[in-house]
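Structure below is structure-v9.tsv: TSV, C-alpha atoms.
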```tsv
chain	number	residue	atom	x	y	z
A	1	MET	CA	82.50	114.85	77.19
A	2	GLY	CA	85.75	116.57	76.32
A	3	ASN	CA	86.17	118.39	79.62
A	4	GLN	CA	86.06	115.22	81.76
A	5	LYS	CA	89.84	115.34	82.05
A	6	LEU	CA	89.58	118.63	83.93
A	7	TYR	CA	87.47	117.00	86.61
A	8	LYS	CA	89.68	113.94	87.00
A	9	GLY	CA	92.04	115.35	89.62
A	10	SER	CA	89.11	116.53	91.72
A	11	LEU	CA	87.30	113.22	92.03
A	12	GLN	CA	88.37	112.50	95.62
A	13	THR	CA	87.38	115.99	96.74
A	14	ILE	CA	83.98	115.62	95.05
A	15	ILE	CA	83.39	112.31	96.86
A	16	LEU	CA	84.43	113.77	100.22
A	17	LYS	CA	82.17	116.76	99.75
A	18	LEU	CA	79.18	114.59	98.87
A	19	LEU	CA	79.75	112.38	101.90
A	20	GLU	CA	80.03	115.42	104.11
A	21	GLN	CA	76.54	116.45	103.02
A	22	ASN	CA	74.93	113.03	102.90
A	23	ASP	CA	76.25	111.08	105.90
A	24	LYS	CA	76.55	107.76	104.04
A	25	MET	CA	76.32	106.83	100.39
A	26	TYR	CA	76.92	103.81	98.16
A	27	GLY	CA	78.90	103.84	94.92
A	28	TYR	CA	76.04	103.96	92.46
A	29	GLU	CA	74.29	106.65	94.46
A	30	ILE	CA	77.41	108.83	94.20
A	31	THR	CA	77.50	108.54	90.39
A	32	GLN	CA	73.82	109.41	90.16
A	33	LYS	CA	74.05	112.29	92.60
A	34	VAL	CA	76.91	113.88	90.68
A	35	LYS	CA	75.02	113.46	87.43
A	36	GLU	CA	71.96	115.07	88.98
A	37	LEU	CA	73.81	117.98	90.61
A	38	THR	CA	75.78	118.82	87.49
A	39	LYS	CA	72.79	118.19	85.21
A	40	GLY	CA	74.71	115.52	83.36
A	41	GLU	CA	77.75	117.72	82.78
A	42	LEU	CA	79.96	115.47	84.88
A	43	LYS	CA	79.67	111.70	84.68
A	44	ILE	CA	81.88	109.81	87.09
A	45	THR	CA	83.01	106.63	85.41
A	46	GLU	CA	82.71	103.38	87.29
A	47	GLY	CA	86.34	102.52	86.56
A	48	ALA	CA	87.44	105.70	88.35
A	49	LEU	CA	84.91	105.88	91.18
A	50	TYR	CA	85.67	102.62	92.98
A	51	PRO	CA	89.46	102.96	92.86
A	52	ALA	CA	89.02	106.45	94.36
A	53	LEU	CA	86.71	105.13	97.09
A	54	HIS	CA	89.07	102.28	97.92
A	55	LYS	CA	92.02	104.64	98.08
A	56	LEU	CA	90.17	106.96	100.46
A	57	GLU	CA	89.20	103.96	102.58
A	58	ALA	CA	92.79	102.68	102.70
A	59	ASP	CA	93.96	106.14	103.74
A	60	GLY	CA	91.57	105.98	106.68
A	61	LEU	CA	89.34	108.80	105.43
A	62	LEU	CA	86.31	106.59	104.82
A	63	ASP	CA	84.64	103.87	106.80
A	64	VAL	CA	82.30	101.22	105.42
A	65	GLU	CA	78.97	99.79	106.46
A	66	VAL	CA	77.13	96.97	104.77
A	67	ALA	CA	73.38	96.45	104.74
A	68	LYS	CA	71.07	94.04	103.02
A	69	VAL	CA	68.88	96.01	100.63
A	70	ASP	CA	66.26	94.16	98.55
A	71	ASN	CA	67.97	90.91	97.72
A	72	ARG	CA	71.56	92.08	97.74
A	73	LEU	CA	74.28	93.50	99.93
A	74	ARG	CA	75.03	97.18	99.72
A	75	LYS	CA	78.25	98.80	100.82
A	76	TYR	CA	77.91	102.29	102.21
A	77	TYR	CA	80.77	104.72	102.66
A	78	LYS	CA	80.92	107.42	105.28
A	79	LEU	CA	83.52	109.87	106.53
A	80	THR	CA	85.74	108.98	109.44
A	81	GLU	CA	86.81	111.66	111.89
A	82	ASN	CA	90.01	112.10	109.89
A	83	GLY	CA	87.97	112.17	106.72
A	84	THR	CA	85.88	115.06	108.02
A	85	LYS	CA	89.02	117.06	108.82
A	86	GLU	CA	90.57	116.20	105.47
A	87	THR	CA	87.42	117.30	103.64
A	88	VAL	CA	87.71	120.77	105.13
A	89	SER	CA	91.32	121.14	104.04
A	90	ARG	CA	90.75	119.68	100.59
A	91	LEU	CA	87.83	122.01	99.97
A	92	ALA	CA	89.95	124.95	101.00
A	93	GLU	CA	92.65	123.79	98.57
A	94	MET	CA	90.04	123.45	95.87
A	95	GLU	CA	88.79	126.99	96.44
A	96	ASP	CA	92.33	128.32	96.21
A	97	PHE	CA	92.82	126.40	93.02
A	98	LEU	CA	89.61	127.76	91.51
A	99	ARG	CA	90.56	131.31	92.45
A	100	THR	CA	93.99	130.90	90.87
A	101	MET	CA	92.51	129.44	87.72
A	102	GLN	CA	90.03	132.26	87.50
A	103	THR	CA	92.82	134.80	87.79
A	104	LEU	CA	94.64	133.04	85.00
A	105	VAL	CA	91.82	132.53	82.56
A	106	ASN	CA	89.80	135.63	83.33
A	107	PRO	CA	92.07	138.36	84.76
A	108	LYS	CA	89.41	141.06	84.46
A	109	PHE	CA	87.07	139.16	86.69
A	110	SER	CA	89.65	139.01	89.46
A	111	LEU	CA	89.93	142.78	89.50
A	112	GLU	CA	86.28	143.30	90.23
B	1	MET	CA	53.83	95.68	79.21
B	2	LYS	CA	55.97	97.20	81.91
B	3	LYS	CA	58.83	95.05	83.17
B	4	LYS	CA	59.35	94.47	86.87
B	5	ILE	CA	62.04	96.90	87.98
B	6	THR	CA	63.72	95.01	90.83
B	7	LEU	CA	66.14	92.23	90.03
B	8	THR	CA	65.34	88.72	91.22
B	9	ASP	CA	67.57	86.55	93.41
B	10	GLU	CA	68.45	84.57	90.34
B	11	HIS	CA	69.61	87.71	88.54
B	12	ILE	CA	71.81	88.58	91.50
B	13	GLN	CA	73.40	85.14	91.41
B	14	GLN	CA	73.95	85.55	87.68
B	15	LEU	CA	75.68	88.87	88.33
B	16	TYR	CA	78.02	87.21	90.86
B	17	LYS	CA	78.83	84.63	88.21
B	18	PHE	CA	79.33	87.40	85.64
B	19	THR	CA	81.87	89.21	87.81
B	20	HIS	CA	83.68	85.91	88.37
B	21	GLN	CA	83.83	85.35	84.63
B	22	HIS	CA	85.43	88.76	84.37
B	23	TYR	CA	88.28	87.88	86.71
B	24	VAL	CA	86.84	89.13	89.98
B	25	GLU	CA	87.52	86.22	92.32
B	26	HIS	CA	86.87	87.66	95.74
B	27	PHE	CA	83.46	87.93	97.30
B	28	ASP	CA	84.07	91.35	98.89
B	29	VAL	CA	84.95	92.92	95.54
B	30	GLN	CA	82.20	91.03	93.71
B	31	THR	CA	79.54	92.23	96.17
B	32	GLU	CA	80.17	95.89	95.51
B	33	LEU	CA	80.19	95.38	91.76
B	34	VAL	CA	77.03	93.27	91.82
B	35	ASP	CA	75.13	95.99	93.69
B	36	HIS	CA	76.42	98.59	91.26
B	37	LEU	CA	75.44	96.57	88.19
B	38	ALA	CA	72.06	95.73	89.72
B	39	ASN	CA	71.28	99.40	90.42
B	40	ASP	CA	72.34	100.37	86.94
B	41	ILE	CA	70.36	97.60	85.26
B	42	GLU	CA	67.26	98.70	87.16
B	43	GLN	CA	67.88	102.26	86.02
B	44	ILE	CA	68.41	101.15	82.42
B	45	TRP	CA	65.15	99.18	82.55
B	46	LYS	CA	63.28	102.27	83.69
B	47	GLU	CA	64.40	104.04	80.53
B	48	GLN	CA	64.38	101.07	78.16
B	49	PRO	CA	61.97	98.46	79.54
B	50	LYS	CA	62.17	96.27	76.48
B	51	LEU	CA	65.78	95.26	76.99
B	52	SER	CA	66.54	91.78	78.27
B	53	PHE	CA	68.51	91.28	81.48
B	54	GLU	CA	71.62	90.33	79.52
B	55	GLN	CA	71.36	93.35	77.22
B	56	ALA	CA	70.97	95.75	80.13
B	57	ARG	CA	73.83	94.05	81.98
B	58	ASP	CA	76.15	94.40	78.99
B	59	ILE	CA	75.32	98.11	78.62
B	60	SER	CA	76.15	98.58	82.27
B	61	PHE	CA	79.39	96.58	82.05
B	62	LYS	CA	80.59	98.68	79.10
B	63	LYS	CA	80.58	101.73	81.36
B	64	PHE	CA	83.51	100.24	83.24
B	65	GLY	CA	85.68	100.89	80.19
B	66	VAL	CA	87.98	98.70	78.14
B	67	PHE	CA	89.66	97.11	81.14
B	68	GLY	CA	86.34	96.02	82.61
B	69	PHE	CA	86.58	95.39	86.33
B	70	MET	CA	90.38	95.30	86.34
B	71	ASP	CA	90.83	98.87	87.61
B	72	VAL	CA	88.51	98.18	90.51
B	73	VAL	CA	90.25	94.90	91.36
B	74	ASP	CA	93.69	96.56	91.21
B	75	ALA	CA	92.63	99.42	93.46
B	76	ARG	CA	91.09	97.02	95.96
B	77	THR	CA	94.21	94.85	95.96
B	78	ASN	CA	96.44	97.87	96.58
B	79	SER	CA	94.29	99.18	99.39
B	80	LEU	CA	94.13	95.78	101.11
B	81	ASN	CA	97.87	95.30	100.70
B	82	LYS	CA	98.29	98.54	102.61
B	83	LYS	CA	95.80	97.34	105.21
B	84	TYR	CA	97.62	94.03	105.59
B	85	TRP	CA	100.97	95.65	106.29
B	86	LYS	CA	99.38	98.13	108.65
B	87	LEU	CA	98.02	95.18	110.65
B	88	ALA	CA	101.38	93.42	110.62
B	89	ILE	CA	103.23	96.57	111.71
B	90	GLY	CA	100.62	97.11	114.44
B	91	PHE	CA	101.43	93.70	115.94
B	92	PHE	CA	105.14	94.29	115.37
B	93	LYS	CA	105.02	97.41	117.54
B	94	THR	CA	103.56	95.42	120.44
B	95	PHE	CA	106.85	93.47	120.54
B	96	PHE	CA	108.56	96.64	121.71
B	97	LYS	CA	106.24	97.07	124.67
B	98	LEU	CA	106.02	94.98	127.82
B	99	PRO	CA	105.43	92.07	128.22
B	100	GLN	CA	106.43	91.09	124.65
B	101	LEU	CA	109.51	93.28	124.87
B	102	LEU	CA	111.06	90.51	126.99
B	103	THR	CA	110.74	88.07	124.07
B	104	THR	CA	112.30	90.64	121.76
B	105	LEU	CA	115.22	91.14	124.15
B	106	ALA	CA	115.70	87.38	124.48
B	107	ILE	CA	115.85	86.90	120.69
B	108	PHE	CA	118.18	89.86	120.37
B	109	SER	CA	120.50	88.52	123.08
B	110	VAL	CA	120.71	85.06	121.51
B	111	ILE	CA	121.63	86.55	118.12
B	112	TYR	CA	124.06	89.04	119.61
B	113	ILE	CA	125.85	86.38	121.68
B	114	SER	CA	125.96	84.09	118.62
B	115	PHE	CA	127.85	86.77	116.72
B	116	LEU	CA	130.34	86.95	119.59
B	117	ILE	CA	130.96	83.23	119.95
B	118	VAL	CA	130.47	81.77	116.46
B	119	PRO	CA	133.77	82.15	114.64
B	120	ILE	CA	132.39	82.37	111.08
B	121	HIS	CA	129.48	84.81	110.92
B	122	THR	CA	128.19	83.52	107.57
B	123	TRP	CA	127.00	80.42	109.46
B	124	ILE	CA	124.56	82.60	111.39
B	125	TYR	CA	123.13	84.06	108.17
B	126	TRP	CA	122.70	80.58	106.71
B	127	PHE	CA	121.19	79.27	109.92
B	128	ILE	CA	118.60	82.09	110.16
B	129	GLY	CA	117.95	82.10	106.41
B	130	PHE	CA	117.41	78.36	106.07
B	131	GLY	CA	115.70	78.14	109.46
B	132	THR	CA	113.03	80.62	108.37
B	133	ILE	CA	112.71	78.96	104.97
B	134	ILE	CA	111.98	75.60	106.59
B	135	VAL	CA	109.51	77.04	109.11
B	136	LEU	CA	107.80	79.19	106.46
B	137	GLY	CA	107.69	76.30	104.01
B	138	ILE	CA	105.88	74.08	106.51
B	139	ARG	CA	103.62	76.92	107.59
B	140	LEU	CA	102.72	77.93	104.02
B	141	PHE	CA	101.81	74.33	103.29
B	142	GLN	CA	99.51	74.27	106.34
B	143	LEU	CA	97.98	77.63	105.43
B	144	HIS	CA	97.39	76.51	101.86
B	145	LYS	CA	95.48	73.51	103.18
B	146	LEU	CA	93.50	75.76	105.51
B	147	LYS	CA	92.69	78.10	102.61
B	148	LYS	CA	91.31	75.23	100.57
B	149	GLU	CA	89.25	73.98	103.51
B	150	ARG	CA	87.81	77.41	104.22
B	151	PHE	CA	86.85	77.88	100.58
B	152	LYS	CA	85.25	74.45	100.47
B	153	GLN	CA	83.16	75.30	103.52
B	154	SER	CA	82.03	78.81	102.61
B	155	ASN	CA	82.45	78.83	98.82
B	156	LYS	CA	83.69	82.39	99.19
B	157	LYS	CA	87.11	83.94	98.95
B	158	TRP	CA	87.91	87.23	100.64
B	159	LEU	CA	90.81	89.32	99.43
B	160	LEU	CA	92.26	90.00	102.88
B	161	GLU	CA	91.85	86.34	103.81
B	162	GLU	CA	93.94	85.42	100.79
B	163	TYR	CA	96.67	87.86	101.81
B	164	ILE	CA	96.79	86.48	105.33
B	165	LEU	CA	96.82	82.85	104.24
B	166	ASN	CA	99.51	83.53	101.65
B	167	ALA	CA	101.60	84.93	104.52
B	168	GLY	CA	101.76	88.30	102.74
B	169	ASN	CA	103.93	86.74	100.02
B	170	ILE	CA	106.92	86.99	102.33
B	171	GLY	CA	108.80	84.32	100.36
B	172	ALA	CA	110.47	87.02	98.29
B	173	PHE	CA	111.84	88.65	101.42
B	174	VAL	CA	113.44	85.42	102.62
B	175	TYR	CA	115.18	85.20	99.26
B	176	PHE	CA	116.66	88.62	99.99
B	177	ILE	CA	118.03	87.40	103.34
B	178	LEU	CA	119.78	84.53	101.61
B	179	GLN	CA	121.33	86.89	99.09
B	180	VAL	CA	123.23	88.74	101.84
B	181	PRO	CA	125.89	86.11	102.64
B	182	LEU	CA	126.30	85.41	98.92
B	183	ASN	CA	126.98	89.01	97.97
B	184	MET	CA	128.37	90.80	100.99
B	185	GLU	CA	131.14	90.63	103.49
B	186	THR	CA	129.48	89.07	106.51
B	187	GLN	CA	132.31	88.88	109.04
B	188	LEU	CA	131.53	91.65	111.50
B	189	GLU	CA	134.20	93.34	113.56
B	190	SER	CA	132.72	96.32	115.39
B	191	THR	CA	130.26	96.04	118.28
B	192	PHE	CA	128.07	98.64	116.58
B	193	SER	CA	127.64	96.57	113.42
B	194	ILE	CA	126.92	93.46	115.49
B	195	ILE	CA	124.22	95.34	117.43
B	196	LEU	CA	122.77	96.67	114.18
B	197	ILE	CA	122.63	93.32	112.42
B	198	SER	CA	121.30	91.59	115.56
B	199	PHE	CA	118.52	94.16	115.68
B	200	PHE	CA	117.77	93.57	112.01
B	201	PHE	CA	117.56	89.79	112.44
B	202	THR	CA	115.43	90.16	115.58
B	203	SER	CA	112.96	92.31	113.65
B	204	TYR	CA	113.01	89.87	110.75
B	205	ILE	CA	112.26	86.89	113.00
B	206	ILE	CA	109.44	88.72	114.80
B	207	LEU	CA	107.87	89.89	111.54
B	208	THR	CA	108.07	86.40	110.08
B	209	TYR	CA	106.42	85.04	113.21
B	210	ILE	CA	103.61	87.63	112.99
B	211	ILE	CA	102.96	86.95	109.32
B	212	ALA	CA	103.16	83.19	109.52
B	213	PHE	CA	101.47	82.61	112.87
B	214	VAL	CA	99.83	85.61	114.58
B	215	LEU	CA	97.79	86.95	111.66
B	216	PRO	CA	96.55	83.53	110.43
B	217	LEU	CA	95.50	82.61	113.99
B	218	LYS	CA	93.52	85.82	114.31
B	219	ILE	CA	91.99	85.56	110.84
B	220	GLU	CA	88.34	85.41	111.94
B	221	GLU	CA	88.70	88.43	114.19
B	222	ILE	CA	90.46	90.40	111.45
B	223	LEU	CA	87.91	89.52	108.76
B	224	ILE	CA	84.95	90.42	110.97
B	225	LYS	CA	86.53	93.80	111.63
B	226	GLN	CA	87.42	94.45	107.99
B	227	TYR	CA	84.21	93.21	106.40
B	228	PRO	CA	80.92	94.29	107.94
B	229	GLU	CA	79.25	91.84	105.55
B	230	TYR	CA	81.33	88.88	106.78
B	231	LYS	CA	78.72	87.83	109.33
B	232	LEU	CA	75.81	88.63	107.03
B	233	VAL	CA	76.60	85.92	104.52
```
Kindly return the structure encoded in the file as structure tokens.
Amino acid sequence: MGNQKLYKGSLQTIILKLLEQNDKMYGYEITQKVKELTKGELKITEGALYPALHKLEADGLLDVEVAKVDNRLRKYYKLTENGTKETVSRLAEMEDFLRTMQTLVNPKFSLE
Amino acid sequence: MKKKITLTDEHIQQLYKFTHQHYVEHFDVQTELVDHLANDIEQIWKEQPKLSFEQARDISFKKFGVFGFMDVVDARTNSLNKKYWKLAIGFFKTFFKLPQLLTTLAIFSVIYISFLIVPIHTWIYWFIGFGTIIVLGIRLFQLHKLKKERFKQSNKKWLLEEYILNAGNIGAFVYFILQVPLNMETQLESTFSIILISFFFTSYIILTYIIAFVLPLKIEEILIKQYPEYKLV
């Protein structure tokens, strides 16, 4: 999809938001959830998802848990205390960004 | 006929092998990728039940893009590099609190006094530089042997384990220490510069000690904390 580039910078915020709502999730579940919520409009690529998760983990925003599911090990991610705080501020930033973009691309709408 | 949706143990082992063939060496990174591929293959089978395991696996692998698993491996390496240095710095800080502060002060005093009594200061640089090279050389040899033994026993490599047993690749830093007397004026006159350089060498010796001895000795404890799956396998 041509507009995937527009979503790229928001990947970490999307992950944080999903984890805020779902307690703990594993990588594949995140890709599927995003696909489902956006009705296929946004597909998170595997090559982008894991680097983003690992970065968030290294920054201390995510914690990991591992469980044996079926015949394999599954790594779950969940928000740390810092992660929860960071989610709030990143979502606020995102809302500001969206408002600014809306003003730019649709000035009439902002006057309403 | 409808194909069984869940992957067998054999499939899982094949996926581990597949990630290894695609340059993912470490068990912790492999595990996450194997679960991802397995979930995706099961999903693909739901939609296209006629595909073989290999066909479904290849469709799933293609989704990782032209670099395959490389992006994931790179990101994991970067994040564990950060983790490794955080651990080392954490131990380093303890050397500035009692009781270890006494050791720090002792090392500092020896270096400081050396600068006062040794007539040619370059000798001190050479002594510390070559001293650490010899100690690190012996230690790296021991750690390399330990790494091989551990792998032989468990048949698994963990990325953080590799970092610890490679002593954080500190060899390059030692090289930097040896460059100082070759490229700079090393005869120190002022008390301030002697204090400064003594502090630098004290920190260098402590950090080398942490990397070469403290972290490798605590490896089990560190790996259990880092990898929740460490005790599961």
Margin query: Using all atoms listed in the file, I'd like every residue of chain B that has an atom within 7 Å of chain A; please write them out as a PyMOL selection string.
Written below: chain B and resi 9+31-32+35-36+39+63-65+71-72+75-76+79+82-83+228-229
Item checked: Å distance separating CA of Thr6 in chain B from CA of Lys24 in chain A, one decimal place ->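 These atoms are spaced 22.4 Å apart.
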Next item on the list: Could you tell me how far CA of Met25 in chain A lies from CA of Tyr77 in chain A, in Å and to one decimal?
Entry: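 Interatomic distance here is 5.4 Å.
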Next item on the list: In Å, rounded to a single decimal, give me how far CA of Thr77 in chain B is from CA of Tyr16 in chain B.
Entry: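 Spanning CA of Tyr16 in chain B to CA of Thr77 in chain B is a straight-line distance of 18.6 Å.
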Checklist line | Distance query range 176-186 of chain B at most 9 Å, all atoms listed in the file, self and fewer than 6 positions along chain excluded, as a PyMOL selection string | finding: chain B and resi 120-123+125-126+128-130
How about saving the chosen residues, C-alpha atoms kept, as a PDB file, in the frame of the given file?
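Wrote part_13.pdb, looks like this:
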```
ATOM      1  CA  ILE B 120     132.390  82.370 111.080  1.00  0.00           C
ATOM      2  CA  HIS B 121     129.480  84.810 110.920  1.00  0.00           C
ATOM      3  CA  THR B 122     128.190  83.520 107.570  1.00  0.00           C
ATOM      4  CA  TRP B 123     127.000  80.420 109.460  1.00  0.00           C
ATOM      5  CA  TYR B 125     123.130  84.060 108.170  1.00  0.00           C
ATOM      6  CA  TRP B 126     122.700  80.580 106.710  1.00  0.00           C
ATOM      7  CA  ILE B 128     118.600  82.090 110.160  1.00  0.00           C
ATOM      8  CA  GLY B 129     117.950  82.100 106.410  1.00  0.00           C
ATOM      9  CA  PHE B 130     117.410  78.360 106.070  1.00  0.00           C
TER      10      PHE B 130
END
```
Note to self: At a cut-off of 8 Å, using only C-alpha atoms, what residues contact Tyr84 in chain B? Leave out same-chain residues fewer than 2 positions from it and give the result as a list in words.
What the structure shows: Leu80, Asn81, Lys82, Lys86, Leu87, Ala88, Leu160, Tyr163, Ile164 and Gly168 of chain B
Next item on the list: Within 9 Å of Phe18 in chain B, counting all atoms listed in the file, which residues show up once you throw out same-chain ones fewer than 5 positions away? Write them as a list in words, please.
Entry: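 Listed by chain and then number, they are Gln13, Val24 and Val34 of chain B.
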Serialized selection, C-alpha atoms, as a PDB file, in the coordinates of the input:
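What follows is the written file part31.pdb:
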```pdb
ATOM      1  CA  GLN B  13      73.400  85.140  91.410  1.00  0.00           C
ATOM      2  CA  VAL B  24      86.840  89.130  89.980  1.00  0.00           C
ATOM      3  CA  VAL B  34      77.030  93.270  91.820  1.00  0.00           C
TER       4      VAL B  34
END
```
Next item on the list: Could you tell me which of A:Thr31, A:Gln21, A:Ser10, A:Asn106 comes closest to Met94 in chain A if we count only C-alpha atoms?
Entry: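 For Met94 in chain A, the nearest of the given residues is A:Ser10.
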Note to self: So, with only C-alpha atoms as the atoms that count, which of A:Glu86, A:Thr38, A:Thr80, A:Gly9 lies closest to Asp23 in chain A?
What the structure shows: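 For Asp23 in chain A, the nearest of the given residues is A:Thr80.
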Notebook entry, point to check: Quick one: residues within 9 Å of Leu15 in chain B, all atoms listed in the file counted, chain neighbours fewer than 6 positions away excluded, as a VMD selection string?
Noted result: chain B and resid 30 33 to 35 37 to 38 57
How would the residues just picked look written out with C-alpha atoms as an mmCIF file, keeping the file's coordinate frame?
```
data_model
loop_
_atom_site.group_PDB
_atom_site.id
_atom_site.type_symbol
_atom_site.label_atom_id
_atom_site.label_comp_id
_atom_site.auth_asym_id
_atom_site.auth_seq_id
_atom_site.Cartn_x
_atom_site.Cartn_y
_atom_site.Cartn_z
ATOM 1 C CA GLN B 30 82.200 91.030 93.710
ATOM 2 C CA LEU B 33 80.190 95.380 91.760
ATOM 3 C CA VAL B 34 77.030 93.270 91.820
ATOM 4 C CA ASP B 35 75.130 95.990 93.690
ATOM 5 C CA LEU B 37 75.440 96.570 88.190
ATOM 6 C CA ALA B 38 72.060 95.730 89.720
ATOM 7 C CA ARG B 57 73.830 94.050 81.980
#
```
Give the centre and edge lengths of an axis-aligned box, in Å to one decimal, that holds all listed atoms of range 11-28 of chain B with 3 Å on each side, as lines of an AutoDock Vina configuration file.
```
center_x = 78.9
center_y = 88.0
center_z = 91.6
size_x = 24.7
size_y = 12.7
size_z = 20.5
```
Check: Taking all atoms listed in the file into account, which of A:Leu42, A:Ala92, A:Leu11, A:Leu19 comes nearest Lys78 in chain A?
Finding: A:Leu19
Atoms are missing here; could range 96-116 of chain B be completed with N, CA and C atoms and written as a PDB file, keeping the file's coordinate frame?
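Result saved to result-v3.pdb:
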```
ATOM      1  N   PHE B  96     107.625  95.687 121.103  1.00  0.00           N
ATOM      2  CA  PHE B  96     108.560  96.640 121.710  1.00  0.00           C
ATOM      3  C   PHE B  96     107.953  97.273 122.967  1.00  0.00           C
ATOM      4  N   LYS B  97     106.860  96.639 123.421  1.00  0.00           N
ATOM      5  CA  LYS B  97     106.240  97.070 124.670  1.00  0.00           C
ATOM      6  C   LYS B  97     106.162  95.860 125.588  1.00  0.00           C
ATOM      7  N   LEU B  98     106.159  96.100 126.890  1.00  0.00           N
ATOM      8  CA  LEU B  98     106.020  94.980 127.820  1.00  0.00           C
ATOM      9  C   LEU B  98     104.631  94.361 127.677  1.00  0.00           C
ATOM     10  N   PRO B  99     104.430  93.073 127.842  1.00  0.00           N
ATOM     11  CA  PRO B  99     105.430  92.070 128.220  1.00  0.00           C
ATOM     12  C   PRO B  99     106.232  91.512 127.038  1.00  0.00           C
ATOM     13  N   GLN B 100     105.763  91.745 125.782  1.00  0.00           N
ATOM     14  CA  GLN B 100     106.430  91.090 124.650  1.00  0.00           C
ATOM     15  C   GLN B 100     107.871  91.580 124.431  1.00  0.00           C
ATOM     16  N   LEU B 101     108.159  92.732 124.994  1.00  0.00           N
ATOM     17  CA  LEU B 101     109.510  93.280 124.870  1.00  0.00           C
ATOM     18  C   LEU B 101     110.545  92.283 125.404  1.00  0.00           C
ATOM     19  N   LEU B 102     110.149  91.504 126.404  1.00  0.00           N
ATOM     20  CA  LEU B 102     111.060  90.510 126.990  1.00  0.00           C
ATOM     21  C   LEU B 102     111.444  89.450 125.944  1.00  0.00           C
ATOM     22  N   THR B 103     110.464  89.031 125.145  1.00  0.00           N
ATOM     23  CA  THR B 103     110.740  88.070 124.070  1.00  0.00           C
ATOM     24  C   THR B 103     111.723  88.684 123.081  1.00  0.00           C
ATOM     25  N   THR B 104     111.445  89.943 122.715  1.00  0.00           N
ATOM     26  CA  THR B 104     112.300  90.640 121.760  1.00  0.00           C
ATOM     27  C   THR B 104     113.738  90.691 122.285  1.00  0.00           C
ATOM     28  N   LEU B 105     113.878  91.044 123.564  1.00  0.00           N
ATOM     29  CA  LEU B 105     115.220  91.140 124.150  1.00  0.00           C
ATOM     30  C   LEU B 105     115.902  89.774 124.179  1.00  0.00           C
ATOM     31  N   ALA B 106     115.124  88.731 124.448  1.00  0.00           N
ATOM     32  CA  ALA B 106     115.700  87.380 124.480  1.00  0.00           C
ATOM     33  C   ALA B 106     116.223  86.997 123.091  1.00  0.00           C
ATOM     34  N   ILE B 107     115.419  87.240 122.059  1.00  0.00           N
ATOM     35  CA  ILE B 107     115.850  86.900 120.690  1.00  0.00           C
ATOM     36  C   ILE B 107     117.113  87.699 120.346  1.00  0.00           C
ATOM     37  N   PHE B 108     117.050  88.974 120.676  1.00  0.00           N
ATOM     38  CA  PHE B 108     118.180  89.860 120.370  1.00  0.00           C
ATOM     39  C   PHE B 108     119.449  89.343 121.053  1.00  0.00           C
ATOM     40  N   SER B 109     119.326  88.972 122.335  1.00  0.00           N
ATOM     41  CA  SER B 109     120.500  88.520 123.080  1.00  0.00           C
ATOM     42  C   SER B 109     121.097  87.254 122.474  1.00  0.00           C
ATOM     43  N   VAL B 110     120.220  86.314 122.106  1.00  0.00           N
ATOM     44  CA  VAL B 110     120.710  85.060 121.510  1.00  0.00           C
ATOM     45  C   VAL B 110     121.500  85.358 120.228  1.00  0.00           C
ATOM     46  N   ILE B 111     120.946  86.232 119.388  1.00  0.00           N
ATOM     47  CA  ILE B 111     121.630  86.550 118.120  1.00  0.00           C
ATOM     48  C   ILE B 111     122.942  87.294 118.392  1.00  0.00           C
ATOM     49  N   TYR B 112     122.866  88.234 119.303  1.00  0.00           N
ATOM     50  CA  TYR B 112     124.060  89.040 119.610  1.00  0.00           C
ATOM     51  C   TYR B 112     125.187  88.151 120.146  1.00  0.00           C
ATOM     52  N   ILE B 113     124.836  87.273 121.093  1.00  0.00           N
ATOM     53  CA  ILE B 113     125.850  86.380 121.680  1.00  0.00           C
ATOM     54  C   ILE B 113     126.405  85.429 120.600  1.00  0.00           C
ATOM     55  N   SER B 114     125.496  84.973 119.705  1.00  0.00           N
ATOM     56  CA  SER B 114     125.960  84.090 118.620  1.00  0.00           C
ATOM     57  C   SER B 114     127.050  84.770 117.804  1.00  0.00           C
ATOM     58  N   PHE B 115     126.855  86.044 117.505  1.00  0.00           N
ATOM     59  CA  PHE B 115     127.850  86.770 116.720  1.00  0.00           C
ATOM     60  C   PHE B 115     129.184  86.878 117.467  1.00  0.00           C
ATOM     61  N   LEU B 116     129.098  86.854 118.814  1.00  0.00           N
ATOM     62  CA  LEU B 116     130.340  86.950 119.590  1.00  0.00           C
ATOM     63  C   LEU B 116     131.064  85.608 119.680  1.00  0.00           C
TER      64      LEU B 116
END
```
